[in-house]
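Visitor: Enclosed is the structure file my_file19.csv (CSV, C-alpha atoms).
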chain,number,residue,atom,x,y,z
A,1,GLU,CA,111.7,110.0,134.3
A,2,THR,CA,115.2,108.7,134.4
A,3,GLY,CA,115.2,107.2,137.9
A,4,VAL,CA,117.8,109.6,139.1
A,5,THR,CA,116.8,112.0,141.9
A,6,GLN,CA,118.6,115.0,143.4
A,7,SER,CA,118.1,117.0,146.6
A,8,PRO,CA,117.5,119.7,147.4
A,9,THR,CA,115.7,121.3,144.5
A,10,HIS,CA,116.8,124.8,145.3
A,11,LEU,CA,119.4,126.1,147.7
A,12,ILE,CA,120.6,129.6,148.7
A,13,LYS,CA,123.9,130.0,150.4
A,14,THR,CA,126.2,132.9,151.3
A,15,ARG,CA,129.7,133.4,149.9
A,16,GLY,CA,132.3,131.5,151.9
A,17,GLN,CA,129.9,128.9,153.2
A,18,GLN,CA,130.0,125.1,152.4
A,19,VAL,CA,127.3,123.1,150.6
A,20,THR,CA,126.5,119.4,150.1
A,21,LEU,CA,124.3,118.3,147.2
A,22,ARG,CA,122.9,114.8,147.0
A,23,CYS,CA,122.1,112.4,144.2
A,24,SER,CA,120.4,109.0,144.2
A,25,SER,CA,120.9,106.7,141.2
A,26,GLN,CA,119.1,103.5,140.1
A,27,SER,CA,120.3,100.2,141.4
A,28,GLY,CA,123.2,98.9,139.4
A,29,HIS,CA,124.3,102.3,138.2
A,30,ASN,CA,127.9,102.2,139.5
A,31,THR,CA,129.1,105.3,137.6
A,32,VAL,CA,128.0,108.8,138.6
A,33,SER,CA,129.1,112.1,137.1
A,34,TRP,CA,128.5,115.6,138.2
A,35,TYR,CA,128.1,118.6,136.0
A,36,GLN,CA,127.8,122.4,136.5
A,37,GLN,CA,125.4,124.2,134.2
A,38,ALA,CA,125.5,128.0,134.3
A,39,LEU,CA,122.4,129.8,133.1
A,40,GLY,CA,122.0,129.6,129.3
A,41,GLN,CA,125.0,127.4,128.9
A,42,GLY,CA,125.8,123.7,128.4
A,43,PRO,CA,126.8,121.6,131.3
A,44,GLN,CA,130.5,121.4,132.3
A,45,PHE,CA,132.0,118.2,133.6
A,46,ILE,CA,133.1,118.4,137.3
A,47,PHE,CA,134.1,114.8,138.0
A,48,GLN,CA,133.1,111.2,137.8
A,49,TYR,CA,133.0,108.4,140.4
A,50,TYR,CA,133.2,104.7,139.5
A,51,ARG,CA,132.8,102.1,142.3
A,52,GLU,CA,133.4,104.8,145.0
A,53,GLU,CA,136.6,106.1,143.5
A,54,GLU,CA,137.2,109.3,141.6
A,55,ASN,CA,137.6,108.3,137.9
A,56,GLY,CA,138.2,111.6,136.2
A,57,ARG,CA,138.0,115.3,136.9
A,58,GLY,CA,137.3,118.4,134.8
A,59,ASN,CA,138.8,121.9,135.2
A,60,PHE,CA,137.4,122.5,138.7
A,61,PRO,CA,139.4,123.5,141.8
A,62,PRO,CA,139.9,121.1,144.8
A,63,ARG,CA,137.2,122.9,146.8
A,64,PHE,CA,134.8,120.8,144.7
A,65,SER,CA,134.9,117.3,146.0
A,66,GLY,CA,132.6,114.2,146.0
A,67,LEU,CA,131.7,110.9,147.5
A,68,GLN,CA,130.0,107.9,146.1
A,69,PHE,CA,128.4,105.3,148.4
A,70,PRO,CA,127.7,101.6,148.0
A,71,ASN,CA,123.9,102.2,147.9
A,72,TYR,CA,124.2,104.1,144.6
A,73,SER,CA,123.9,107.5,146.2
A,74,SER,CA,126.5,110.3,145.9
A,75,GLU,CA,127.4,113.7,147.1
A,76,LEU,CA,128.9,116.8,145.7
A,77,ASN,CA,130.6,119.1,148.3
A,78,VAL,CA,131.7,122.6,147.5
A,79,ASN,CA,133.7,124.6,150.1
A,80,ALA,CA,134.4,128.3,150.3
A,81,LEU,CA,131.5,129.2,148.0
A,82,GLU,CA,132.0,131.9,145.5
A,83,LEU,CA,129.4,134.0,143.6
A,84,ASP,CA,130.4,132.2,140.3
A,85,ASP,CA,129.4,128.9,141.8
A,86,SER,CA,125.7,129.9,141.3
A,87,ALA,CA,124.5,127.4,138.8
A,88,LEU,CA,122.3,124.3,138.2
A,89,TYR,CA,124.2,121.2,139.4
A,90,LEU,CA,123.4,118.0,137.6
A,91,CYS,CA,124.3,114.4,138.4
A,92,ALA,CA,124.2,111.6,135.8
A,93,SER,CA,124.5,107.9,136.4
A,94,SER,CA,125.3,105.0,134.1
A,95,PRO,CA,124.9,101.2,134.5
A,96,GLN,CA,128.0,99.0,134.0
A,97,GLY,CA,129.2,99.2,130.4
A,98,ALA,CA,126.5,101.6,129.2
A,99,ASP,CA,127.3,104.4,126.8
A,100,GLU,CA,124.6,106.9,127.8
A,101,GLN,CA,124.2,108.8,131.1
A,102,TYR,CA,120.9,109.3,132.8
A,103,PHE,CA,120.4,112.8,134.4
A,104,GLY,CA,118.7,113.9,137.5
A,105,PRO,CA,116.5,117.0,137.6
A,106,GLY,CA,119.3,119.1,139.1
A,107,THR,CA,119.8,121.3,142.2
A,108,ARG,CA,119.7,125.1,141.6
A,109,LEU,CA,122.4,126.7,143.8
A,110,THR,CA,122.3,130.5,144.4
A,111,VAL,CA,125.3,132.1,146.2
A,112,THR,CA,124.7,135.6,147.5
B,1,ALA,CA,140.7,118.1,124.1
B,2,GLN,CA,137.3,117.9,122.4
B,3,THR,CA,135.1,120.8,121.6
B,4,VAL,CA,131.4,120.8,120.5
B,5,THR,CA,129.9,123.8,118.7
B,6,GLN,CA,126.2,124.5,118.2
B,7,SER,CA,126.0,127.6,116.0
B,8,GLN,CA,122.2,128.2,116.3
B,9,PRO,CA,121.4,129.8,119.6
B,10,GLU,CA,117.6,129.7,118.8
B,11,MET,CA,115.4,128.0,116.3
B,12,SER,CA,111.6,128.0,115.8
B,13,VAL,CA,109.3,125.8,113.8
B,14,GLN,CA,105.6,125.4,113.2
B,15,GLU,CA,103.8,122.4,114.6
B,16,ALA,CA,104.0,119.4,112.2
B,17,GLU,CA,106.9,120.8,110.3
B,18,THR,CA,110.5,119.6,110.2
B,19,VAL,CA,113.5,121.3,111.7
B,20,THR,CA,117.2,120.5,111.7
B,21,LEU,CA,119.6,121.5,114.5
B,22,SER,CA,123.3,121.7,113.7
B,23,CYS,CA,126.3,120.5,115.6
B,24,THR,CA,130.0,120.3,114.8
B,25,TYR,CA,132.8,118.8,116.9
B,26,ASP,CA,136.5,118.6,117.0
B,27,THR,CA,138.4,115.6,118.2
B,28,SER,CA,141.5,113.5,117.4
B,29,GLU,CA,139.7,110.3,118.7
B,30,ASN,CA,138.6,107.7,116.2
B,31,ASN,CA,136.3,105.9,118.6
B,32,TYR,CA,133.6,108.0,120.3
B,33,TYR,CA,129.9,108.5,120.8
B,34,LEU,CA,127.7,111.4,120.0
B,35,PHE,CA,124.4,112.3,121.7
B,36,TRP,CA,121.5,114.7,121.5
B,37,TYR,CA,120.0,115.6,124.8
B,38,LYS,CA,116.8,117.6,125.4
B,39,GLN,CA,116.3,119.8,128.4
B,40,PRO,CA,112.7,121.1,128.7
B,41,PRO,CA,111.8,124.0,131.0
B,42,SER,CA,111.3,121.5,133.8
B,43,ARG,CA,115.1,121.1,133.3
B,44,GLN,CA,115.5,117.3,133.5
B,45,MET,CA,118.0,116.3,130.7
B,46,ILE,CA,116.6,113.6,128.6
B,47,LEU,CA,118.5,111.5,126.0
B,48,VAL,CA,117.0,111.9,122.6
B,49,ILE,CA,119.3,109.9,120.3
B,50,ARG,CA,122.8,108.5,120.2
B,51,GLN,CA,125.3,107.6,117.5
B,52,GLU,CA,128.4,105.4,117.6
B,53,ALA,CA,131.2,106.8,115.5
B,54,TYR,CA,132.1,103.4,114.1
B,55,LYS,CA,128.6,102.9,112.6
B,56,GLN,CA,128.0,104.4,109.2
B,57,GLN,CA,124.3,104.2,109.4
B,58,ASN,CA,122.5,107.2,110.8
B,59,ALA,CA,120.6,106.6,114.0
B,60,THR,CA,116.8,107.0,114.1
B,61,GLU,CA,114.4,107.2,117.0
B,62,ASN,CA,110.8,107.7,115.8
B,63,ARG,CA,110.5,111.3,114.7
B,64,PHE,CA,114.2,112.0,115.5
B,65,SER,CA,117.0,111.2,113.2
B,66,VAL,CA,120.6,112.3,112.8
B,67,ASN,CA,122.9,113.1,109.9
B,68,PHE,CA,126.3,112.0,111.0
B,69,GLN,CA,129.2,113.1,108.7
B,70,LYS,CA,132.3,111.7,110.3
B,71,ALA,CA,134.8,113.2,107.9
B,72,ALA,CA,133.2,116.7,108.3
B,73,LYS,CA,132.8,116.2,112.1
B,74,SER,CA,129.2,117.1,111.8
B,75,PHE,CA,126.2,115.7,113.7
B,76,SER,CA,122.9,117.3,113.0
B,77,LEU,CA,119.5,116.4,114.5
B,78,LYS,CA,116.3,116.3,112.4
B,79,ILE,CA,113.0,116.5,114.1
B,80,SER,CA,110.1,115.5,111.9
B,81,ASP,CA,106.4,116.3,112.5
B,82,SER,CA,107.3,118.7,115.3
B,83,GLN,CA,105.1,118.7,118.4
B,84,LEU,CA,104.5,121.4,121.0
B,85,GLY,CA,106.2,119.1,123.6
B,86,ASP,CA,109.4,119.3,121.5
B,87,THR,CA,109.9,122.9,122.8
B,88,ALA,CA,113.1,122.7,124.8
B,89,MET,CA,116.9,123.4,124.9
B,90,TYR,CA,118.7,120.8,122.8
B,91,PHE,CA,122.3,119.9,123.5
B,92,CYS,CA,124.8,118.0,121.4
B,93,ALA,CA,127.3,116.0,123.4
B,94,PHE,CA,130.5,114.1,122.7
B,95,ARG,CA,131.9,111.2,124.7
B,96,PRO,CA,135.2,109.3,124.0
B,97,GLY,CA,134.9,105.6,123.5
B,98,GLY,CA,136.9,102.7,124.7
B,99,THR,CA,136.9,103.6,128.4
B,100,SER,CA,134.6,103.7,131.4
B,101,TYR,CA,135.6,107.3,131.9
B,102,GLY,CA,132.4,108.8,130.6
B,103,LYS,CA,133.0,112.5,130.5
B,104,LEU,CA,130.5,114.2,128.3
B,105,THR,CA,131.5,117.4,126.5
B,106,PHE,CA,128.4,119.6,125.6
B,107,GLY,CA,127.8,122.3,123.1
B,108,GLN,CA,126.2,125.6,124.1
B,109,GLY,CA,122.7,124.5,123.3
B,110,THR,CA,120.0,125.5,120.9
B,111,ILE,CA,116.6,126.7,122.2
B,112,LEU,CA,113.9,125.2,120.0
B,113,THR,CA,110.4,126.7,120.1
B,114,VAL,CA,107.5,124.9,118.4
B,115,HIS,CA,104.6,127.2,117.5
B,116,PRO,CA,101.0,126.0,117.2
Go ahead and express the file in the form of structure tokens.
Guide:
Amino acid sequence: ETGVTQSPTHLIKTRGQQVTLRCSSQSGHNTVSWYQQALGQGPQFIFQYYREEENGRGNFPPRFSGLQFPNYSSELNVNALELDDSALYLCASSPQGADEQYFGPGTRLTVT
Amino acid sequence: AQTVTQSQPEMSVQEAETVTLSCTYDTSENNYYLFWYKQPPSRQMILVIRQEAYKQQNATENRFSVNFQKAAKSFSLKISDSQLGDTAMYFCAFRPGGTSYGKLTFGQGTILTVHP
């Protein structure tokens, strides 16, 4: 167990809809990153938040957005869902100054 | 941009034997970190071992050890005395150093199956 939780576990949405995925980190973990993992592939970096500000972004369009809250929770929002957005979404958090990231169990999103 | 390559899509090993998973990477950075993560069928990604690029000594964690060849940009994982619980997808990952921007770049993964 890494102490990082995500909700929901599974989610089914229709193309064009919007979705919000949630992540709760351990106390003191002020950095959170989100990754998209397509089936059978390695995770791809979406973005990272540090002290509630976006601190880096991967090659994802603006319809992927996020928030980080003072209570060490965070959200990933995806607008105008496309079929290719179907994937496992992972959040990972790090305490101040740490090199490694601790992953949550992920949310499996299916877009139909 | 960094790239990480795992050239073995699948590997299998008998219980109690040793197996080595390969990883190569490409970067122009001099300061960075390398990781091996394990993702069992339950899908929670677990850190197995980490290596700082500035350290010449290879990292070891119990049955897990790495062979880090900085000049060759190679970072292989050796699992000794394999156990059934080692069955999982293994990912090699790269992270630049010297910044709080902790983007991990992952390889494609290697599915490891340990047979009884």
Visitor: So how far away is atom CA of A:Gly3 from atom CA of A:Asn71, in Å?
Guide: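 These two atoms are separated by 14.2 Å.
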Visitor: Measuring atom to atom with all atoms listed in the file, identify which of A:Gly42, A:Thr2, A:Asn30, A:Asn79 is nearest to chain B.
Guide: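 Checking each of A:Gly42, A:Thr2, A:Asn30, A:Asn79 against chain B, counting all atoms listed in the file, the winner is A:Gly42.
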Visitor: At a cut-off of 12 Å, which residues of chain A touch chain B? Count all atoms listed in the file and give the answer as a ChimeraX atom specification.
Guide: /A:1-6,9,30-51,53-59,88-108
Visitor: Have a look at A:Thr14, A:Ser27, A:Ser7, A:Gln68 and name the one nearest to A:Leu83; count all atoms listed in the file.
Guide: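 With all atoms listed in the file as the atom set, the closest residue is A:Thr14.
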Visitor: For A:Asp85, list every protein, DNA or RNA residue within 9 Å, evaluated using only C-alpha atoms, and leave out those in the same chain fewer than 3 positions away; present the list as JSON, numbers by chain.
Guide: {"A": [36, 38, 78, 81, 82, 109, 110, 111]}
Visitor: Report, in Å to a single decimal, how far apart atom CA of B:Pro40 and atom CA of B:Ala88 are.
Guide: 4.2 Å
